[in-house]
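J.: Sharing start_8.pdb, PDB, C-alpha atoms, pLDDT in the B column:
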ATOM      1  CA  MET A   1     -24.932  65.208 130.444  1.00 98.00           C
ATOM      2  CA  ALA A   2     -22.125  66.581 128.347  1.00 98.00           C
ATOM      3  CA  PHE A   3     -19.499  65.136 126.044  1.00 97.00           C
ATOM      4  CA  ALA A   4     -16.732  67.736 126.028  1.00 97.00           C
ATOM      5  CA  ASP A   5     -13.207  68.273 124.750  1.00 96.00           C
ATOM      6  CA  GLY A   6     -12.300  69.645 128.182  1.00 93.00           C
ATOM      7  CA  VAL A   7     -13.995  71.985 130.648  1.00 94.00           C
ATOM      8  CA  VAL A   8     -17.677  72.494 129.819  1.00 96.00           C
ATOM      9  CA  ARG A   9     -18.046  76.102 131.034  1.00 95.00           C
ATOM     10  CA  PRO A  10     -16.191  77.821 128.126  1.00 95.00           C
ATOM     11  CA  ALA A  11     -18.305  75.953 125.566  1.00 95.00           C
ATOM     12  CA  LEU A  12     -21.517  77.105 127.238  1.00 96.00           C
ATOM     13  CA  ARG A  13     -20.291  80.679 127.634  1.00 92.00           C
ATOM     14  CA  GLY A  14     -19.638  80.904 123.901  1.00 84.00           C
ATOM     15  CA  ALA A  15     -22.774  79.014 122.906  1.00 88.00           C
ATOM     16  CA  ALA A  16     -24.161  79.562 119.426  1.00 90.00           C
ATOM     17  CA  ARG A  17     -27.351  78.100 117.971  1.00 94.00           C
ATOM     18  CA  SER A  18     -26.646  74.588 116.675  1.00 96.00           C
ATOM     19  CA  GLU A  19     -28.033  73.062 113.490  1.00 96.00           C
ATOM     20  CA  LEU A  20     -31.282  71.160 114.042  1.00 97.00           C
ATOM     21  CA  ALA A  21     -30.417  68.194 111.791  1.00 97.00           C
ATOM     22  CA  GLU A  22     -26.977  67.759 113.334  1.00 97.00           C
ATOM     23  CA  THR A  23     -28.368  67.942 116.860  1.00 98.00           C
ATOM     24  CA  GLU A  24     -31.140  65.475 116.027  1.00 98.00           C
ATOM     25  CA  ALA A  25     -28.534  63.007 114.759  1.00 97.00           C
ATOM     26  CA  LEU A  26     -26.726  63.252 118.088  1.00 97.00           C
ATOM     27  CA  VAL A  27     -29.947  62.642 120.032  1.00 98.00           C
ATOM     28  CA  ARG A  28     -30.563  59.535 117.931  1.00 97.00           C
ATOM     29  CA  GLN A  29     -27.067  58.361 118.846  1.00 96.00           C
ATOM     30  CA  VAL A  30     -27.796  58.842 122.550  1.00 97.00           C
ATOM     31  CA  HIS A  31     -31.160  57.026 122.245  1.00 97.00           C
ATOM     32  CA  PRO A  32     -30.653  54.365 119.560  1.00 97.00           C
ATOM     33  CA  GLY A  33     -33.832  52.678 118.344  1.00 97.00           C
ATOM     34  CA  TYR A  34     -36.111  55.361 119.788  1.00 98.00           C
ATOM     35  CA  VAL A  35     -38.559  57.530 117.878  1.00 98.00           C
ATOM     36  CA  VAL A  36     -37.174  61.092 117.745  1.00 98.00           C
ATOM     37  CA  GLU A  37     -39.436  63.984 116.759  1.00 98.00           C
ATOM     38  CA  PRO A  38     -38.569  67.699 116.989  1.00 98.00           C
ATOM     39  CA  VAL A  39     -40.686  69.805 119.353  1.00 98.00           C
ATOM     40  CA  ASP A  40     -40.441  73.442 120.452  1.00 97.00           C
ATOM     41  CA  ASP A  41     -36.970  74.763 121.197  1.00 97.00           C
ATOM     42  CA  GLY A  42     -35.940  76.121 124.571  1.00 96.00           C
ATOM     43  CA  THR A  43     -33.066  77.400 126.677  1.00 97.00           C
ATOM     44  CA  LEU A  44     -30.856  75.968 129.364  1.00 97.00           C
ATOM     45  CA  PHE A  45     -32.517  78.337 131.845  1.00 95.00           C
ATOM     46  CA  GLU A  46     -36.013  76.924 131.279  1.00 96.00           C
ATOM     47  CA  HIS A  47     -35.424  73.332 130.198  1.00 96.00           C
ATOM     48  CA  VAL A  48     -32.625  71.860 132.263  1.00 96.00           C
ATOM     49  CA  TYR A  49     -35.212  69.448 133.777  1.00 95.00           C
ATOM     50  CA  PRO A  50     -37.534  68.454 130.919  1.00 97.00           C
ATOM     51  CA  PRO A  51     -40.722  66.361 131.194  1.00 96.00           C
ATOM     52  CA  ASP A  52     -40.880  62.619 130.546  1.00 96.00           C
ATOM     53  CA  ASP A  53     -39.906  61.571 126.993  1.00 97.00           C
ATOM     54  CA  ILE A  54     -38.416  64.993 126.172  1.00 98.00           C
ATOM     55  CA  THR A  55     -34.760  65.732 125.404  1.00 98.00           C
ATOM     56  CA  TYR A  56     -33.225  69.175 124.973  1.00 98.00           C
ATOM     57  CA  ALA A  57     -29.833  69.222 123.314  1.00 98.00           C
ATOM     58  CA  THR A  58     -27.257  71.338 121.538  1.00 98.00           C
ATOM     59  CA  LYS A  59     -23.932  70.868 119.775  1.00 96.00           C
ATOM     60  CA  LEU A  60     -21.399  73.553 120.640  1.00 95.00           C
ATOM     61  CA  ALA A  61     -17.799  74.236 119.795  1.00 94.00           C
ATOM     62  CA  GLY A  62     -16.049  71.832 122.153  1.00 94.00           C
ATOM     63  CA  ALA A  63     -19.078  70.172 123.750  1.00 96.00           C
ATOM     64  CA  GLU A  64     -22.403  68.447 123.238  1.00 97.00           C
ATOM     65  CA  LEU A  65     -25.042  68.963 125.917  1.00 98.00           C
ATOM     66  CA  TYR A  66     -28.125  66.837 126.649  1.00 98.00           C
ATOM     67  CA  CYS A  67     -30.878  67.581 129.166  1.00 98.00           C
ATOM     68  CA  ASP A  68     -32.830  64.361 129.685  1.00 98.00           C
ATOM     69  CA  ARG A  69     -33.940  62.816 132.964  1.00 95.00           C
ATOM     70  CA  ARG A  70     -33.151  59.352 131.628  1.00 96.00           C
ATOM     71  CA  LEU A  71     -29.469  60.248 131.603  1.00 96.00           C
ATOM     72  CA  ALA A  72     -29.310  60.905 135.367  1.00 94.00           C
ATOM     73  CA  LEU A  73     -28.559  57.446 136.751  1.00 95.00           C
ATOM     74  CA  ASP A  74     -28.910  56.265 140.351  1.00 95.00           C
ATOM     75  CA  ARG A  75     -25.572  54.483 139.864  1.00 96.00           C
ATOM     76  CA  PRO A  76     -23.650  56.652 137.405  1.00 96.00           C
ATOM     77  CA  SER A  77     -20.896  54.044 136.997  1.00 96.00           C
ATOM     78  CA  GLU A  78     -23.452  51.923 135.115  1.00 96.00           C
ATOM     79  CA  LEU A  79     -23.467  54.357 132.188  1.00 96.00           C
ATOM     80  CA  PRO A  80     -24.509  52.277 129.146  1.00 96.00           C
ATOM     81  CA  GLU A  81     -21.757  51.211 126.773  1.00 95.00           C
ATOM     82  CA  HIS A  82     -23.180  53.121 123.801  1.00 96.00           C
ATOM     83  CA  LEU A  83     -22.915  56.366 125.777  1.00 96.00           C
ATOM     84  CA  ARG A  84     -19.340  55.626 126.787  1.00 95.00           C
ATOM     85  CA  GLN A  85     -18.588  55.011 123.124  1.00 94.00           C
ATOM     86  CA  ALA A  86     -20.340  58.243 122.110  1.00 92.00           C
ATOM     87  CA  GLY A  87     -18.031  60.132 124.437  1.00 93.00           C
ATOM     88  CA  ALA A  88     -14.893  58.128 123.671  1.00 92.00           C
ATOM     89  CA  GLY A  89     -11.714  60.184 123.926  1.00 93.00           C
ATOM     90  CA  ARG A  90     -13.517  63.091 125.573  1.00 96.00           C
ATOM     91  CA  ARG A  91     -14.690  64.138 129.011  1.00 97.00           C
ATOM     92  CA  ILE A  92     -18.136  62.777 129.919  1.00 98.00           C
ATOM     93  CA  VAL A  93     -19.943  64.676 132.684  1.00 98.00           C
ATOM     94  CA  MET A  94     -23.246  63.557 134.212  1.00 98.00           C
ATOM     95  CA  HIS A  95     -25.242  65.497 136.819  1.00 98.00           C
ATOM     96  CA  GLY A  96     -28.714  65.003 138.258  1.00 97.00           C
ATOM     97  CA  MET A  97     -30.743  66.127 141.277  1.00 97.00           C
ATOM     98  CA  HIS A  98     -34.241  65.359 142.539  1.00 95.00           C
ATOM     99  CA  SER A  99     -35.603  67.610 145.272  1.00 93.00           C
ATOM    100  CA  VAL A 100     -38.488  65.311 146.297  1.00 90.00           C
ATOM    101  CA  VAL A 101     -36.063  62.743 147.741  1.00 93.00           C
ATOM    102  CA  ASP A 102     -32.987  64.986 148.180  1.00 96.00           C
ATOM    103  CA  TRP A 103     -31.050  62.913 145.647  1.00 97.00           C
ATOM    104  CA  LEU A 104     -27.791  63.941 144.019  1.00 98.00           C
ATOM    105  CA  GLY A 105     -25.791  62.042 141.448  1.00 98.00           C
ATOM    106  CA  PHE A 106     -22.818  63.178 139.396  1.00 98.00           C
ATOM    107  CA  ALA A 107     -19.916  61.528 137.636  1.00 98.00           C
ATOM    108  CA  VAL A 108     -16.966  62.341 135.399  1.00 98.00           C
ATOM    109  CA  TRP A 109     -15.153  60.138 132.911  1.00 97.00           C
ATOM    110  CA  GLU A 110     -11.802  61.181 131.406  1.00 95.00           C
ATOM    111  CA  ASP A 111     -10.788  59.372 128.189  1.00 91.00           C
ATOM    112  CA  GLY A 112     -13.105  56.489 129.040  1.00 90.00           C
ATOM    113  CA  GLU A 113     -11.985  56.133 132.676  1.00 95.00           C
ATOM    114  CA  LEU A 114     -14.415  56.859 135.506  1.00 97.00           C
ATOM    115  CA  VAL A 115     -12.562  59.269 137.811  1.00 97.00           C
ATOM    116  CA  ARG A 116     -15.408  60.304 140.136  1.00 98.00           C
ATOM    117  CA  SER A 117     -18.927  59.113 140.843  1.00 98.00           C
ATOM    118  CA  LEU A 118     -21.178  60.123 143.722  1.00 98.00           C
ATOM    119  CA  SER A 119     -24.820  59.199 144.238  1.00 98.00           C
ATOM    120  CA  LEU A 120     -26.631  59.650 147.532  1.00 98.00           C
ATOM    121  CA  SER A 121     -29.890  60.557 149.249  1.00 97.00           C
ATOM    122  CA  PRO A 122     -31.035  60.435 152.885  1.00 96.00           C
ATOM    123  CA  ASP A 123     -33.317  57.438 152.295  1.00 93.00           C
ATOM    124  CA  ALA A 124     -31.075  55.328 150.050  1.00 95.00           C
ATOM    125  CA  GLY A 125     -27.806  56.423 151.666  1.00 96.00           C
ATOM    126  CA  ILE A 126     -24.598  56.529 149.678  1.00 97.00           C
ATOM    127  CA  GLN A 127     -25.251  54.438 146.583  1.00 97.00           C
ATOM    128  CA  GLU A 128     -21.919  55.232 144.954  1.00 98.00           C
ATOM    129  CA  ASN A 129     -18.776  57.000 146.114  1.00 98.00           C
ATOM    130  CA  ILE A 130     -16.038  56.201 143.612  1.00 98.00           C
ATOM    131  CA  GLY A 131     -12.804  58.088 143.125  1.00 98.00           C
ATOM    132  CA  ARG A 132     -11.224  60.992 144.942  1.00 97.00           C
ATOM    133  CA  PRO A 133     -13.637  63.763 146.002  1.00 98.00           C
ATOM    134  CA  TYR A 134     -13.196  67.110 144.269  1.00 98.00           C
ATOM    135  CA  ASP A 135     -11.978  70.078 146.299  1.00 98.00           C
ATOM    136  CA  PHE A 136     -15.455  71.645 146.381  1.00 97.00           C
ATOM    137  CA  GLU A 137     -16.755  68.511 148.154  1.00 98.00           C
ATOM    138  CA  LEU A 138     -14.229  68.432 150.986  1.00 98.00           C
ATOM    139  CA  PRO A 139     -15.885  70.902 153.417  1.00 98.00           C
ATOM    140  CA  TYR A 140     -19.125  68.924 153.134  1.00 98.00           C
ATOM    141  CA  TRP A 141     -17.509  65.591 153.919  1.00 97.00           C
ATOM    142  CA  ALA A 142     -15.671  67.299 156.788  1.00 97.00           C
ATOM    143  CA  GLY A 143     -19.014  68.148 158.440  1.00 96.00           C
ATOM    144  CA  GLU A 144     -18.824  71.909 157.878  1.00 97.00           C
ATOM    145  CA  HIS A 145     -22.322  72.112 156.365  1.00 97.00           C
ATOM    146  CA  PRO A 146     -24.673  70.009 158.531  1.00 96.00           C
ATOM    147  CA  VAL A 147     -28.430  70.024 157.971  1.00 95.00           C
ATOM    148  CA  GLU A 148     -30.056  72.024 160.749  1.00 90.00           C
ATOM    149  CA  PRO A 149     -33.440  70.872 162.066  1.00 87.00           C
ATOM    150  CA  VAL A 150     -36.541  72.807 161.042  1.00 81.00           C
ATOM    151  CA  PRO A 151     -37.736  74.741 164.117  1.00 77.00           C
ATOM    152  CA  GLY A 152     -40.966  73.375 165.526  1.00 76.00           C
ATOM    153  CA  TRP A 153     -41.333  70.469 163.081  1.00 77.00           C
ATOM    154  CA  PRO A 154     -42.738  67.420 164.947  1.00 77.00           C
ATOM    155  CA  GLY A 155     -41.035  64.038 164.994  1.00 76.00           C
ATOM    156  CA  GLN A 156     -37.744  65.159 163.456  1.00 81.00           C
ATOM    157  CA  ARG A 157     -34.778  62.854 163.464  1.00 87.00           C
ATOM    158  CA  PRO A 158     -31.157  63.766 162.732  1.00 90.00           C
ATOM    159  CA  TYR A 159     -30.566  64.089 159.003  1.00 94.00           C
ATOM    160  CA  ALA A 160     -29.210  60.830 157.616  1.00 95.00           C
ATOM    161  CA  LEU A 161     -26.245  62.436 155.826  1.00 96.00           C
ATOM    162  CA  PRO A 162     -23.532  64.868 156.991  1.00 95.00           C
ATOM    163  CA  PHE A 163     -24.794  67.486 154.495  1.00 97.00           C
ATOM    164  CA  HIS A 164     -27.748  68.213 152.250  1.00 97.00           C
ATOM    165  CA  PRO A 165     -27.214  66.603 148.815  1.00 98.00           C
ATOM    166  CA  LEU A 166     -28.901  69.446 146.940  1.00 97.00           C
ATOM    167  CA  GLU A 167     -26.564  72.032 148.477  1.00 97.00           C
ATOM    168  CA  LEU A 168     -23.546  70.056 147.325  1.00 98.00           C
ATOM    169  CA  GLY A 169     -25.347  69.418 144.053  1.00 98.00           C
ATOM    170  CA  GLU A 170     -25.471  73.119 143.215  1.00 97.00           C
ATOM    171  CA  LEU A 171     -21.736  73.431 143.836  1.00 97.00           C
ATOM    172  CA  ALA A 172     -21.116  70.385 141.672  1.00 98.00           C
ATOM    173  CA  LEU A 173     -23.260  71.852 138.899  1.00 97.00           C
ATOM    174  CA  ARG A 174     -21.272  75.092 138.981  1.00 97.00           C
ATOM    175  CA  ALA A 175     -17.918  73.303 139.105  1.00 97.00           C
ATOM    176  CA  LEU A 176     -18.731  70.849 136.307  1.00 98.00           C
ATOM    177  CA  PHE A 177     -20.991  72.927 134.022  1.00 97.00           C
ATOM    178  CA  GLY A 178     -20.549  76.540 135.069  1.00 97.00           C
ATOM    179  CA  PHE A 179     -24.008  77.487 136.358  1.00 97.00           C
ATOM    180  CA  VAL A 180     -26.478  76.895 139.190  1.00 96.00           C
ATOM    181  CA  ILE A 181     -30.234  76.337 139.291  1.00 95.00           C
ATOM    182  CA  GLU A 182     -30.953  77.801 142.728  1.00 91.00           C
ATOM    183  CA  GLY A 183     -29.096  80.441 144.673  1.00 86.00           C
ATOM    184  CA  TYR A 184     -27.298  83.596 143.588  1.00 87.00           C
ATOM    185  CA  PRO A 185     -25.232  83.302 140.408  1.00 88.00           C
ATOM    186  CA  ASP A 186     -21.575  84.258 140.433  1.00 91.00           C
ATOM    187  CA  PRO A 187     -20.342  86.892 137.975  1.00 91.00           C
ATOM    188  CA  ASP A 188     -18.481  84.165 136.069  1.00 93.00           C
ATOM    189  CA  ASP A 189     -21.491  81.832 135.813  1.00 96.00           C
ATOM    190  CA  VAL A 190     -22.910  80.908 132.419  1.00 96.00           C
ATOM    191  CA  ASP A 191     -25.932  82.917 131.288  1.00 95.00           C
ATOM    192  CA  THR A 192     -28.248  79.928 130.883  1.00 96.00           C
ATOM    193  CA  ASP A 193     -30.939  81.997 129.186  1.00 95.00           C
ATOM    194  CA  ALA A 194     -28.475  82.605 126.332  1.00 95.00           C
ATOM    195  CA  VAL A 195     -27.870  78.879 125.692  1.00 97.00           C
ATOM    196  CA  HIS A 196     -30.329  77.776 122.995  1.00 97.00           C
ATOM    197  CA  LEU A 197     -31.499  74.141 123.022  1.00 98.00           C
ATOM    198  CA  HIS A 198     -33.336  72.109 120.397  1.00 98.00           C
ATOM    199  CA  GLY A 199     -36.260  70.107 121.787  1.00 98.00           C
ATOM    200  CA  PHE A 200     -37.167  66.531 120.838  1.00 98.00           C
ATOM    201  CA  ARG A 201     -39.811  64.039 121.857  1.00 98.00           C
ATOM    202  CA  VAL A 202     -37.925  60.756 122.315  1.00 98.00           C
ATOM    203  CA  THR A 203     -40.059  57.668 122.876  1.00 98.00           C
ATOM    204  CA  ASP A 204     -39.606  53.916 123.124  1.00 97.00           C
ATOM    205  CA  PRO A 205     -41.578  52.526 120.153  1.00 97.00           C
ATOM    206  CA  SER A 206     -42.386  49.327 122.066  1.00 97.00           C
ATOM    207  CA  GLY A 207     -44.072  51.256 124.890  1.00 95.00           C
ATOM    208  CA  ALA A 208     -42.173  49.192 127.473  1.00 96.00           C
ATOM    209  CA  GLU A 209     -40.301  52.150 128.949  1.00 95.00           C
ATOM    210  CA  GLN A 210     -43.484  54.187 129.319  1.00 95.00           C
ATOM    211  CA  ALA A 211     -45.341  51.283 130.956  1.00 96.00           C
ATOM    212  CA  ALA A 212     -42.522  50.665 133.437  1.00 94.00           C
ATOM    213  CA  ARG A 213     -42.411  54.336 134.316  1.00 94.00           C
ATOM    214  CA  GLU A 214     -46.162  54.543 134.947  1.00 94.00           C
ATOM    215  CA  ALA A 215     -45.962  51.434 137.151  1.00 95.00           C
ATOM    216  CA  ALA A 216     -43.154  53.040 139.162  1.00 91.00           C
ATOM    217  CA  TYR A 217     -45.191  56.233 139.559  1.00 90.00           C
ATOM    218  CA  ALA A 218     -48.205  54.230 140.747  1.00 92.00           C
ATOM    219  CA  GLU A 219     -46.086  52.388 143.316  1.00 91.00           C
ATOM    220  CA  ALA A 220     -44.604  55.658 144.562  1.00 86.00           C
ATOM    221  CA  ARG A 221     -48.093  57.126 145.025  1.00 86.00           C
ATOM    222  CA  ARG A 222     -49.146  54.018 146.945  1.00 87.00           C
ATOM    223  CA  LEU A 223     -46.173  54.239 149.283  1.00 85.00           C
ATOM    224  CA  MET A 224     -46.665  57.961 149.882  1.00 82.00           C
ATOM    225  CA  GLY A 225     -50.142  57.478 151.303  1.00 79.00           C
ATOM    226  CA  PRO A 226     -52.715  60.267 151.666  1.00 83.00           C
ATOM    227  CA  PRO A 227     -51.501  63.888 151.869  1.00 81.00           C
ATOM    228  CA  ARG A 228     -50.970  65.542 155.248  1.00 80.00           C
ATOM    229  CA  LEU A 229     -51.090  69.240 156.043  1.00 84.00           C
ATOM    230  CA  PHE A 230     -49.167  71.069 158.763  1.00 83.00           C
ATOM    231  CA  ARG A 231     -49.529  74.647 159.968  1.00 84.00           C
ATOM    232  CA  MET A 232     -47.337  76.706 162.269  1.00 83.00           C
ATOM    233  CA  GLY A 233     -48.942  77.583 165.572  1.00 84.00           C
ATOM    234  CA  PRO A 234     -48.504  80.747 167.676  1.00 86.00           C
ATOM    235  CA  ASP A 235     -45.690  79.054 169.631  1.00 81.00           C
ATOM    236  CA  GLY A 236     -43.652  78.453 166.462  1.00 78.00           C
ATOM    237  CA  THR A 237     -44.206  74.709 166.354  1.00 82.00           C
ATOM    238  CA  MET A 238     -45.859  72.820 163.508  1.00 82.00           C
ATOM    239  CA  HIS A 239     -49.248  71.146 164.026  1.00 81.00           C
ATOM    240  CA  GLU A 240     -51.076  68.768 161.731  1.00 83.00           C
ATOM    241  CA  VAL A 241     -54.471  70.031 160.613  1.00 86.00           C
ATOM    242  CA  SER A 242     -57.352  68.247 158.941  1.00 80.00           C
ATOM    243  CA  LEU A 243     -57.731  68.654 155.202  1.00 72.00           C
ATOM    244  CA  ASP A 244     -61.504  68.842 155.843  1.00 70.00           C
ATOM    245  CA  SER A 245     -60.980  72.076 157.722  1.00 63.00           C
ATOM    246  CA  LEU A 246     -59.755  73.923 154.622  1.00 59.00           C
TER
END
Take the structure in this file and express it as structure tokens.
T.:
Amino acid sequence: MAFADGVVRPALRGAARSELAETEALVRQVHPGYVVEPVDDGTLFEHVYPPDDITYATKLAGAELYCDRRLALDRPSELPEHLRQAGAGRRIVMHGMHSVVDWLGFAVWEDGELVRSLSLSPDAGIQENIGRPYDFELPYWAGEHPVEPVPGWPGQRPYALPFHPLELGELALRALFGFVIEGYPDPDDVDTDAVHLHGFRVTDPSGAEQAAREAAYAEARRLMGPPRLFRMGPDGTMHEVSLDSL
């Protein structure tokens, strides 16, 4: 997530190392009432998707950037009021992806007004689609980038969306922040390894957030069931094999 005076890319391209104390104060503003403790620093290349309870952040000329999984919301329009206030009068940009469930969510606020929000995955469907799509989205909505079936994979059904969310997600990341995580970088992309980030452990002192998260993880493991292993046969099709045979 970024709070920016305008386009985020120029701020990241000219990134300088921010002051630790100033950056910590901003993290406390984003997570009021939480315990905030500095940890090892990092870069945007390595720490765009930090572990639980970790925030990486920096204050740049023209933008503040936060990498924290808690800021990627299933319904971006429900951005908490204190975050809207923190970004008041500026552009607020949120972006998140999760490859396990093919989820993408991104949103942009201009001067406090939500102008675009999209959140979707093949299982949950389109959770939010607010505002006019950006130009980079249009070929995807027009069906120009369908998800092709995996050759030989048993029991496949047509993909539930007209495009793969993570493919659009990389384009959204480039358009909104100026870089990509996967795929070939463009010459004009931000050098993420050159963007220094301060690291912080940010925890709920009551323990309620951690307990709820562990319960959600346990439920996800229950629903997933036991692991299954597939191997490609000589005919190019996939066949399930016994884990005992390994």
J.: Could you please determine the separation between atom CA of Pro146 of chain A and atom CA of Leu118 of chain A in Å, to one decimal place?
T.: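 Computing it gives 18.1 Å between the two atoms.
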J.: Which polymer residues have any atom within 12 Å of an atom of Gly33 of chain A, counting all atoms listed in the file, with same-chain residues fewer than 6 positions away left out, as a ChimeraX atom specification?
T.: /A:27,82,202-206
J.: Keeping only C-alpha atoms, write those residues as a compact mmCIF listing (two decimals), keeping the file's coordinate frame.
T.:
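Here's the written file result15.txt:
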# COMPACT_ATOMS: atom_id res chain seq x y z
CA VAL A 27 -29.95 62.64 120.03
CA HIS A 82 -23.18 53.12 123.80
CA VAL A 202 -37.92 60.76 122.32
CA THR A 203 -40.06 57.67 122.88
CA ASP A 204 -39.61 53.92 123.12
CA PRO A 205 -41.58 52.53 120.15
CA SER A 206 -42.39 49.33 122.07
J.: Which residues would end up in the selection if the PyMOL selection byres ((chain A and resi 183) around 12) were applied here, given that I need the answer as an MDAnalysis selection string?
T.: chainID A and resid 166:167 169:171 173:174 179:182 184:186 189
J.: Once you count only C-alpha atoms, which residues end up no further than 12 Å from (-24.5, 51.7, 145.7) in the file's frame, shown as an MDAnalysis selection string?
T.: chainID A and resid 73:78 105 117:121 124:130
J.: What gap, in Å, lies between atom CA of Ala86 of chain A and atom CA of Ala63 of chain A?
T.: 12.1 Å
J.: May I ask for the distance between atom CA of Thr43 of chain A and atom CA of His196 of chain A, given in Å to one decimal place?
T.: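 If I compute the distance from atom CA of Thr43 of chain A to atom CA of His196 of chain A, I get 4.6 Å.
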J.: With only C-alpha atoms as the counted atoms, please give the residues lying no more than 9 Å from Val101 of chain A, apart from itself and same-chain residues fewer than 3 positions off, as a list of chain:residue names.
T.: A:His98, A:Ser121, A:Pro122, A:Asp123
J.: For the residues selected in the previous step, produce a file with C-alpha atoms as a PDB file, in the frame of the given file.
T.:
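Output file out.pdb follows:
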ATOM      1  CA  HIS A  98     -34.241  65.359 142.539  1.00 95.00           C
ATOM      2  CA  SER A 121     -29.890  60.557 149.249  1.00 97.00           C
ATOM      3  CA  PRO A 122     -31.035  60.435 152.885  1.00 96.00           C
ATOM      4  CA  ASP A 123     -33.317  57.438 152.295  1.00 93.00           C
TER       5      ASP A 123
END
J.: So that I can see what lies close to Asp111 of chain A, please list as a PyMOL selection string the residues with an atom at most 9 Å from it, counting all atoms listed in the file and leaving out residues fewer than 6 positions away in the same chain.
T.: chain A and resi 87-92
J.: Grab the residues selected above and save them as a CSV table (one decimal), in the coordinates of the input with C-alpha atoms.
T.:
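Ended up saving to part-v3.csv:
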chain,number,residue,atom,x,y,z
A,87,GLY,CA,-18.0,60.1,124.4
A,88,ALA,CA,-14.9,58.1,123.7
A,89,GLY,CA,-11.7,60.2,123.9
A,90,ARG,CA,-13.5,63.1,125.6
A,91,ARG,CA,-14.7,64.1,129.0
A,92,ILE,CA,-18.1,62.8,129.9
J.: Neighbouring residues of Leu168 of chain A were defined as those with any atom within 12 Å, considering only C-alpha atoms; residues of the same chain fewer than 6 positions away were excluded. Please report them as a PyMOL selection string.
T.: chain A and resi 95-97+102-106+118-121+133-141+144-147+161-162+174-175+180+182
J.: Here is a test: counting all atoms listed in the file, which residue of A:His164, A:Arg116, A:Arg222, A:His198 is nearest to Leu65 of chain A?
T.: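 With all atoms listed in the file as the atom set, the closest residue is A:His198.
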J.: For each of A:Tyr34, A:Ala142, A:Gly62, A:Glu113, take the minimum atom-to-atom distance to Gly207 of chain A, counting all atoms listed in the file, then give the residue where this is smallest.
T.: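 Smallest separation from Gly207 of chain A among the options: A:Tyr34.
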J.: Nearest to Trp109 of chain A: which of A:Pro154, A:Gly6, A:Gly178, A:Gly42 is it, counting all atoms listed in the file?
T.: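 Of A:Pro154, A:Gly6, A:Gly178, A:Gly42, the one nearest Trp109 of chain A, counting all atoms listed in the file, is A:Gly6.
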J.: I'd like to know which of A:Asp244, A:Ser99, A:Leu60, A:Pro187 is closest to Pro10 of chain A, using all atoms listed in the file.
T.: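 Counting all atoms listed in the file, the residue closest to Pro10 of chain A is A:Leu60.
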J.: Which residues, written as a list in words, have at least one atom at most 12 Å from segment 232-239 of chain A, with all atoms listed in the file counted and residues fewer than 4 positions away on the same chain left out?
T.: Val150, Pro151, Gly152, Trp153, Pro154, Gly155, Gln156 and Arg228 of chain A
J.: Check which residues satisfy the PyMOL selection byres ((chain A and resi 49) around 12) in the file shown, then give them as a list in words.
T.: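 Applied to this file, the PyMOL selection byres ((chain A and resi 49) around 12) selects Met1, Gly42, Thr43, Leu44, Phe45, Glu46, His47, Val48, Pro50, Pro51, Asp52, Asp53, Ile54, Thr55, Tyr56, Ala57, Tyr66, Cys67, Asp68, Arg69, Arg70, Leu71, Ala72, His95, Gly96, Met97, His98, Ser99 and Ile181 of chain A.
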J.: Grab the residues selected above and save them as a PDB file, in the frame of the given file with C-alpha atoms.
T.:
ATOM      1  CA  MET A   1     -24.932  65.208 130.444  1.00 98.00           C
ATOM      2  CA  GLY A  42     -35.940  76.121 124.571  1.00 96.00           C
ATOM      3  CA  THR A  43     -33.066  77.400 126.677  1.00 97.00           C
ATOM      4  CA  LEU A  44     -30.856  75.968 129.364  1.00 97.00           C
ATOM      5  CA  PHE A  45     -32.517  78.337 131.845  1.00 95.00           C
ATOM      6  CA  GLU A  46     -36.013  76.924 131.279  1.00 96.00           C
ATOM      7  CA  HIS A  47     -35.424  73.332 130.198  1.00 96.00           C
ATOM      8  CA  VAL A  48     -32.625  71.860 132.263  1.00 96.00           C
ATOM      9  CA  PRO A  50     -37.534  68.454 130.919  1.00 97.00           C
ATOM     10  CA  PRO A  51     -40.722  66.361 131.194  1.00 96.00           C
ATOM     11  CA  ASP A  52     -40.880  62.619 130.546  1.00 96.00           C
ATOM     12  CA  ASP A  53     -39.906  61.571 126.993  1.00 97.00           C
ATOM     13  CA  ILE A  54     -38.416  64.993 126.172  1.00 98.00           C
ATOM     14  CA  THR A  55     -34.760  65.732 125.404  1.00 98.00           C
ATOM     15  CA  TYR A  56     -33.225  69.175 124.973  1.00 98.00           C
ATOM     16  CA  ALA A  57     -29.833  69.222 123.314  1.00 98.00           C
ATOM     17  CA  TYR A  66     -28.125  66.837 126.649  1.00 98.00           C
ATOM     18  CA  CYS A  67     -30.878  67.581 129.166  1.00 98.00           C
ATOM     19  CA  ASP A  68     -32.830  64.361 129.685  1.00 98.00           C
ATOM     20  CA  ARG A  69     -33.940  62.816 132.964  1.00 95.00           C
ATOM     21  CA  ARG A  70     -33.151  59.352 131.628  1.00 96.00           C
ATOM     22  CA  LEU A  71     -29.469  60.248 131.603  1.00 96.00           C
ATOM     23  CA  ALA A  72     -29.310  60.905 135.367  1.00 94.00           C
ATOM     24  CA  HIS A  95     -25.242  65.497 136.819  1.00 98.00           C
ATOM     25  CA  GLY A  96     -28.714  65.003 138.258  1.00 97.00           C
ATOM     26  CA  MET A  97     -30.743  66.127 141.277  1.00 97.00           C
ATOM     27  CA  HIS A  98     -34.241  65.359 142.539  1.00 95.00           C
ATOM     28  CA  SER A  99     -35.603  67.610 145.272  1.00 93.00           C
ATOM     29  CA  ILE A 181     -30.234  76.337 139.291  1.00 95.00           C
TER      30      ILE A 181
END
J.: For segment 155-170 of chain A, take all atoms listed in the file, fit an axis-aligned box around them, add 4 Å to each of the six sides, then output centre and edge lengths in Å rounded to one decimal, as JSON.
T.:
{"center_x": -32.3, "center_y": 67.0, "center_z": 154.1, "size_x": 25.5, "size_y": 20.3, "size_z": 29.8}
